[in-house]
Amino acid sequence: MSRMRKRGSMSICAAFGAVGLAASLASGTLHGSNTLVPPGAARYAPSAFPERIVALPDADPATSFAVAWRTDATLASAVLEIAEVRSSPDLADAARTIRAVSTKLQTENGVAYYHHARISGLKPEALYAYRVQGAGTWSEWFQIRTAAAQPRPFAFLYFGDAQNSVKSLYSRVIREAWRREPRAALAVHAGDLVNGRAGENDTEWGEWFDAGAFLHASLLTVPAAGNHEHHDREVDGRETYQLAAHWPAQFPLPRNGASGLPHTTYSFDYQGVRFIVLDSTSALKSGSAATQAAWLEPLLEHNPHRWTVVVFHHPVFSASLDRDNSHLREHWAPLFERYGVDLVLQGHDHVYARGQGLFAAGTRDRGTKPPVYVVSVAGPKQYRVSEEAQSAMARHGENTQLYQIVRIDDERLRYESWTVAGELYDAFDIEIAPEGAKRFVDRAPSTASRRCPHLQTRSGRTDRCWDGTEW
Ligand SMILES: [Fe+2]
């Protein structure tokens, strides 16, 4: 205990004795910052306490899942305890112990150890409790349910980019989503969870985990990597993109992805739905679109399930100004169409857009064929919908923080997009008719499309509505 007290006092000292904190607050330099942490403050320094705890899907969520967490460097080896849930508090007596694989990461907030535990041999559709170890400490017990081995109704959450002012303004989005669908089994994040990019992003990740708190540990997080989870650096005069070290350190995902992309492409089946996560940054910046398509096609062709959801960051059909990802239309969209993918969930454009119908010879045609393509945004950075997208997309909007809830059963996929203020902004169903064909039913409310109320951001940009860091 004396060690803990000493550690605590050092941390407080570091946080509040830091040069410049009082001055930062007094001078207002937090304005324009991407986090709530003033320069010099050690708000998210690693400690003996386990933190940033996140549950992730393994290849078979009916019998296994993975958990990651971190501590400071005093704990180079850690364990997880897990037991089937009982009403009695004697969880520790019934628990089995799983040893984690631990790796070291140097961050701007200090050296951390990231611990990965893969828990297998679980019963399907059973409620488990687990806790993770710190240095002389434990986390609380988190409860999480394994998937059923058969198709069963369930719900999942879907978030577009959080990215900026994550603790200040994204936290309310994930909390409202959970409040509306507290039994959601999964949370899909379509990339740019943080701003990152330059590499100094540990505080931003601290805010991302802080924003979702215990939710990250209580349902399965399904992350897709965005361009902001990559460093863009010039090497030999050429722009290169490299996955930032935090991603593999904190997200031990199923290692069943495309060749050369073990950390950012993966797939798993959950109660009658095939989920496939792709890496659009690598596809567009490193030329891996064809490699990923080669991995993707057999997953779609030999899918035994009724439903398919594909997730990645850059939209196949861009919705904001001056953007186009034609490479994805060339390599991926034909496969989505051929094999009847139901939902393509994306981010990156910082607007809302939902549409169907593919583009013959590059022209956009509003249609009703699958898949349904969605772009959404959860955080405060807000762009403008292009005129082309306004005409092509069935529903679109600006200046709005949103979350989505998707409920799926044997007969229907029901999609809802909600504003953080609690207004239903978009909705549709995909129903399975008696003869087995799928039928799209538009349930969007008749409210007007939301538009940006001003001509430029406070920094003077006219292609955006909000820069995301004005507060
Ligand atoms: Fe992005």
# chains A, B, ... in the order shown; residues from 1 in each chain; ligands from 1

$ residues_around --residues "His331 (chain A)" --least-positions-apart "5" --cutoff "9 Å" --atoms "only C-alpha atoms" --output "list in words"
Ala289, Ala290, Gln292, Ala293 and Ser326 of chain A

$ write_last_selection --atoms "C-alpha atoms" --output "mmCIF file, in the first residue's frame"
data_model
loop_
_atom_site.group_PDB
_atom_site.id
_atom_site.type_symbol
_atom_site.label_atom_id
_atom_site.label_comp_id
_atom_site.auth_asym_id
_atom_site.auth_seq_id
_atom_site.Cartn_x
_atom_site.Cartn_y
_atom_site.Cartn_z
ATOM 1 C CA ALA A 289 -7.059 -3.068 -52.611
ATOM 2 C CA ALA A 290 -6.631 -6.095 -54.896
ATOM 3 C CA GLN A 292 -7.848 -7.382 -49.807
ATOM 4 C CA ALA A 293 -10.370 -8.174 -52.556
ATOM 5 C CA SER A 326 -12.614 5.419 -57.184
#

$ residues_around --residues "Pro61 (chain A)" --least-positions-apart "5" --cutoff "7 Å" --atoms "only C-alpha atoms" --output "PyMOL selection string"
chain A and resi 146-147+270

$ write_last_selection --atoms "C-alpha atoms" --output "PDB file, in the first residue's frame"
ATOM      1  CA  THR A 146     -20.706 -14.949 -25.540  1.00  0.00           C
ATOM      2  CA  ALA A 147     -22.561 -15.203 -28.851  1.00  0.00           C
ATOM      3  CA  TYR A 270     -21.979 -13.341 -34.891  1.00  0.00           C
TER       4      TYR A 270
END

$ residues_near_ligand --ligand "ligand 1" --cutoff "9 Å" --atoms "only C-alpha atoms and all ligand atoms" --output "list in words"
Asp161, Gln163, Gly191, Asp192, Asn195, Gly226, Asn227, His228, Glu229, Thr281, His313, His314, Gly347, His348, Asp349 and His350 of chain A

$ select_by_dssp --residues "region 224-269 of chain A" --states "alpha helix (DSSP H)" --output "list in words"
His246, Trp247, Pro248, Ala249 and Gln250 of chain A

$ atom_distance --atom1 "CA of Val351 (chain A)" --atom2 "CA of Lys381 (chain A)"
8.9 Å

$ atom_distance --atom1 "CA of Val188 (chain A)" --atom2 "CA of Arg96 (chain A)"
29.1 Å

$ atom_distance --atom1 "CA of Gln356 (chain A)" --atom2 "CA of Thr400 (chain A)"
21.6 Å

$ closest_atom_pairs --of "region 315-422 of chain A" --to "region 294-300 of chain A" --cutoff "9 Å" --atoms "only C-alpha atoms" --output "Markdown table"
| residue | atom | partner | partner_atom | distance |
| --- | --- | --- | --- | --- |
| A:Trp332 | CA | A:Leu296 | CA | 8.5 |
| A:Leu335 | CA | A:Glu297 | CA | 6.7 |
| A:Phe336 | CA | A:Leu300 | CA | 8.1 |
| A:Tyr339 | CA | A:Leu300 | CA | 6.0 |
| A:Gly340 | CA | A:Leu300 | CA | 8.4 |
| A:Val341 | CA | A:Leu300 | CA | 7.8 |

$ residues_around --residues "Ala444 (chain A)" --least-positions-apart "3" --cutoff "7 Å" --atoms "only C-alpha atoms" --output "list of chain:residue names"
A:Tyr425, A:Asp426, A:Ala427, A:Phe428

$ write_last_selection --atoms "C-alpha atoms" --output "mmCIF file, in the first residue's frame"
data_model
loop_
_atom_site.group_PDB
_atom_site.id
_atom_site.type_symbol
_atom_site.label_atom_id
_atom_site.label_comp_id
_atom_site.auth_asym_id
_atom_site.auth_seq_id
_atom_site.Cartn_x
_atom_site.Cartn_y
_atom_site.Cartn_z
ATOM 1 C CA TYR A 425 -32.642 11.066 -38.365
ATOM 2 C CA ASP A 426 -32.728 8.073 -40.664
ATOM 3 C CA ALA A 427 -34.164 4.558 -40.695
ATOM 4 C CA PHE A 428 -34.732 1.638 -43.019
#

$ closest_residue --among "A:Ala59, A:Ala100, A:Val420, A:Ala217" --to "Tyr130 (chain A)" --atoms "only C-alpha atoms"
A:Ala217

$ residues_around --residues "Ala185 (chain A)" --least-positions-apart "3" --cutoff "8 Å" --atoms "only C-alpha atoms" --output "ChimeraX atom specification"
/A:145,154-156,219-220

$ write_last_selection --atoms "N, CA and C atoms" --output "compact mmCIF listing (two decimals), in the first residue's frame"
# COMPACT_ATOMS: atom_id res chain seq x y z
N ARG A 145 -21.42 -11.32 -22.52
CA ARG A 145 -22.09 -12.56 -22.95
C ARG A 145 -21.44 -13.08 -24.23
N PHE A 154 -30.07 -9.90 -32.29
CA PHE A 154 -29.16 -9.09 -31.47
C PHE A 154 -29.08 -7.69 -32.09
N ALA A 155 -28.42 -6.80 -31.38
CA ALA A 155 -28.24 -5.43 -31.86
C ALA A 155 -26.78 -5.05 -31.77
N PHE A 156 -26.37 -4.18 -32.69
CA PHE A 156 -25.03 -3.60 -32.56
C PHE A 156 -25.09 -2.09 -32.81
N LEU A 219 -18.96 -4.92 -23.97
CA LEU A 219 -19.44 -5.45 -25.25
C LEU A 219 -18.22 -5.58 -26.16
N LEU A 220 -18.40 -6.21 -27.30
CA LEU A 220 -17.24 -6.42 -28.18
C LEU A 220 -17.03 -5.20 -29.06

$ residues_around --residues "region 454-469 of chain A" --least-positions-apart "5" --cutoff "10 Å" --atoms "only C-alpha atoms" --output "VMD selection string"
chain A and resid 30 to 35 162 to 166 168 to 169 320 to 322 350 to 351 379 to 386 398 to 400

$ write_last_selection --atoms "N, CA and C atoms" --output "PDB file, in the first residue's frame"
ATOM      1  N   LEU A  30      -6.399  26.111 -23.875  1.00  0.00           N
ATOM      2  CA  LEU A  30      -7.156  24.893 -24.146  1.00  0.00           C
ATOM      3  C   LEU A  30      -8.060  25.099 -25.366  1.00  0.00           C
ATOM      4  N   HIS A  31      -8.447  26.327 -25.624  1.00  0.00           N
ATOM      5  CA  HIS A  31      -9.278  26.580 -26.791  1.00  0.00           C
ATOM      6  C   HIS A  31      -8.480  26.256 -28.043  1.00  0.00           C
ATOM      7  N   GLY A  32      -9.060  25.506 -28.917  1.00  0.00           N
ATOM      8  CA  GLY A  32      -8.333  25.103 -30.111  1.00  0.00           C
ATOM      9  C   GLY A  32      -7.580  23.818 -29.933  1.00  0.00           C
ATOM     10  N   SER A  33      -7.582  23.266 -28.718  1.00  0.00           N
ATOM     11  CA  SER A  33      -6.884  22.006 -28.467  1.00  0.00           C
ATOM     12  C   SER A  33      -7.772  20.839 -28.862  1.00  0.00           C
ATOM     13  N   ASN A  34      -7.133  19.706 -29.125  1.00  0.00           N
ATOM     14  CA  ASN A  34      -7.886  18.520 -29.512  1.00  0.00           C
ATOM     15  C   ASN A  34      -8.309  17.678 -28.319  1.00  0.00           C
ATOM     16  N   THR A  35      -7.765  17.965 -27.136  1.00  0.00           N
ATOM     17  CA  THR A  35      -8.140  17.212 -25.939  1.00  0.00           C
ATOM     18  C   THR A  35      -8.428  18.191 -24.801  1.00  0.00           C
ATOM     19  N   ALA A 162     -14.936   9.567 -34.413  1.00  0.00           N
ATOM     20  CA  ALA A 162     -14.946  10.321 -33.151  1.00  0.00           C
ATOM     21  C   ALA A 162     -13.879  11.421 -33.253  1.00  0.00           C
ATOM     22  N   GLN A 163     -12.680  11.045 -33.393  1.00  0.00           N
ATOM     23  CA  GLN A 163     -11.508  11.795 -33.853  1.00  0.00           C
ATOM     24  C   GLN A 163     -11.102  13.030 -33.055  1.00  0.00           C
ATOM     25  N   ASN A 164     -11.979  14.004 -32.874  1.00  0.00           N
ATOM     26  CA  ASN A 164     -11.568  15.275 -32.269  1.00  0.00           C
ATOM     27  C   ASN A 164     -12.370  15.569 -31.001  1.00  0.00           C
ATOM     28  N   SER A 165     -11.728  16.262 -30.082  1.00  0.00           N
ATOM     29  CA  SER A 165     -12.408  16.615 -28.827  1.00  0.00           C
ATOM     30  C   SER A 165     -13.188  15.402 -28.312  1.00  0.00           C
ATOM     31  N   VAL A 166     -12.499  14.288 -28.239  1.00  0.00           N
ATOM     32  CA  VAL A 166     -13.172  13.006 -28.018  1.00  0.00           C
ATOM     33  C   VAL A 166     -13.821  12.943 -26.633  1.00  0.00           C
ATOM     34  N   SER A 168     -14.473  15.584 -24.683  1.00  0.00           N
ATOM     35  CA  SER A 168     -15.395  16.705 -24.531  1.00  0.00           C
ATOM     36  C   SER A 168     -16.719  16.467 -25.255  1.00  0.00           C
ATOM     37  N   LEU A 169     -16.667  15.979 -26.490  1.00  0.00           N
ATOM     38  CA  LEU A 169     -17.880  16.003 -27.316  1.00  0.00           C
ATOM     39  C   LEU A 169     -18.311  14.665 -27.913  1.00  0.00           C
ATOM     40  N   SER A 320     -18.720  14.045 -49.075  1.00  0.00           N
ATOM     41  CA  SER A 320     -18.338  15.433 -48.805  1.00  0.00           C
ATOM     42  C   SER A 320     -17.568  16.009 -49.985  1.00  0.00           C
ATOM     43  N   LEU A 321     -17.269  17.293 -49.889  1.00  0.00           N
ATOM     44  CA  LEU A 321     -16.717  18.026 -51.032  1.00  0.00           C
ATOM     45  C   LEU A 321     -15.343  17.517 -51.445  1.00  0.00           C
ATOM     46  N   ASP A 322     -15.113  17.468 -52.729  1.00  0.00           N
ATOM     47  CA  ASP A 322     -13.778  17.240 -53.301  1.00  0.00           C
ATOM     48  C   ASP A 322     -13.122  15.951 -52.834  1.00  0.00           C
ATOM     49  N   HIS A 350     -17.156  12.948 -42.561  1.00  0.00           N
ATOM     50  CA  HIS A 350     -17.644  13.904 -41.559  1.00  0.00           C
ATOM     51  C   HIS A 350     -18.990  14.531 -41.930  1.00  0.00           C
ATOM     52  N   VAL A 351     -19.806  13.738 -42.580  1.00  0.00           N
ATOM     53  CA  VAL A 351     -21.197  14.108 -42.844  1.00  0.00           C
ATOM     54  C   VAL A 351     -22.022  12.834 -42.673  1.00  0.00           C
ATOM     55  N   GLY A 379     -18.172  12.411 -34.011  1.00  0.00           N
ATOM     56  CA  GLY A 379     -17.464  13.493 -33.339  1.00  0.00           C
ATOM     57  C   GLY A 379     -17.840  14.869 -33.851  1.00  0.00           C
ATOM     58  N   PRO A 380     -17.137  15.905 -33.358  1.00  0.00           N
ATOM     59  CA  PRO A 380     -17.530  17.286 -33.672  1.00  0.00           C
ATOM     60  C   PRO A 380     -16.955  17.852 -34.964  1.00  0.00           C
ATOM     61  N   LYS A 381     -16.031  17.152 -35.614  1.00  0.00           N
ATOM     62  CA  LYS A 381     -15.550  17.689 -36.901  1.00  0.00           C
ATOM     63  C   LYS A 381     -16.623  17.429 -37.951  1.00  0.00           C
ATOM     64  N   GLN A 382     -17.105  18.486 -38.579  1.00  0.00           N
ATOM     65  CA  GLN A 382     -18.253  18.386 -39.486  1.00  0.00           C
ATOM     66  C   GLN A 382     -17.926  19.056 -40.818  1.00  0.00           C
ATOM     67  N   TYR A 383     -18.126  18.327 -41.901  1.00  0.00           N
ATOM     68  CA  TYR A 383     -17.877  18.856 -43.249  1.00  0.00           C
ATOM     69  C   TYR A 383     -19.217  19.186 -43.920  1.00  0.00           C
ATOM     70  N   ARG A 384     -19.158  19.362 -45.236  1.00  0.00           N
ATOM     71  CA  ARG A 384     -20.369  19.708 -46.003  1.00  0.00           C
ATOM     72  C   ARG A 384     -20.641  18.635 -47.044  1.00  0.00           C
ATOM     73  N   VAL A 385     -21.902  18.370 -47.274  1.00  0.00           N
ATOM     74  CA  VAL A 385     -22.307  17.355 -48.251  1.00  0.00           C
ATOM     75  C   VAL A 385     -22.170  17.946 -49.660  1.00  0.00           C
ATOM     76  N   SER A 386     -21.521  17.210 -50.535  1.00  0.00           N
ATOM     77  CA  SER A 386     -21.352  17.709 -51.913  1.00  0.00           C
ATOM     78  C   SER A 386     -22.706  17.756 -52.624  1.00  0.00           C
ATOM     79  N   GLU A 398     -25.665  17.493 -42.470  1.00  0.00           N
ATOM     80  CA  GLU A 398     -24.448  18.159 -41.988  1.00  0.00           C
ATOM     81  C   GLU A 398     -24.677  18.613 -40.544  1.00  0.00           C
ATOM     82  N   ASN A 399     -23.587  18.988 -39.876  1.00  0.00           N
ATOM     83  CA  ASN A 399     -23.695  19.694 -38.601  1.00  0.00           C
ATOM     84  C   ASN A 399     -24.394  18.851 -37.527  1.00  0.00           C
ATOM     85  N   THR A 400     -24.155  17.532 -37.536  1.00  0.00           N
ATOM     86  CA  THR A 400     -24.910  16.652 -36.648  1.00  0.00           C
ATOM     87  C   THR A 400     -24.045  15.506 -36.136  1.00  0.00           C
TER      88      THR A 400
END

$ residues_around --residues "Pro153 (chain A)" --least-positions-apart "6" --cutoff "10 Å" --atoms "only C-alpha atoms" --output "list in words"
Gln271, Gly272, Arg407, Ile408, Asp409, Asp410, Glu411, Arg412 and Leu413 of chain A

$ residues_around --residues "Pro262 (chain A)" --least-positions-apart "3" --cutoff "12 Å" --atoms "only C-alpha atoms" --output "NGL selection string"
:A and (225 or 243 or 247-248 or 251-259 or 265-267 or 277-279 or 282 or 292 or 295)
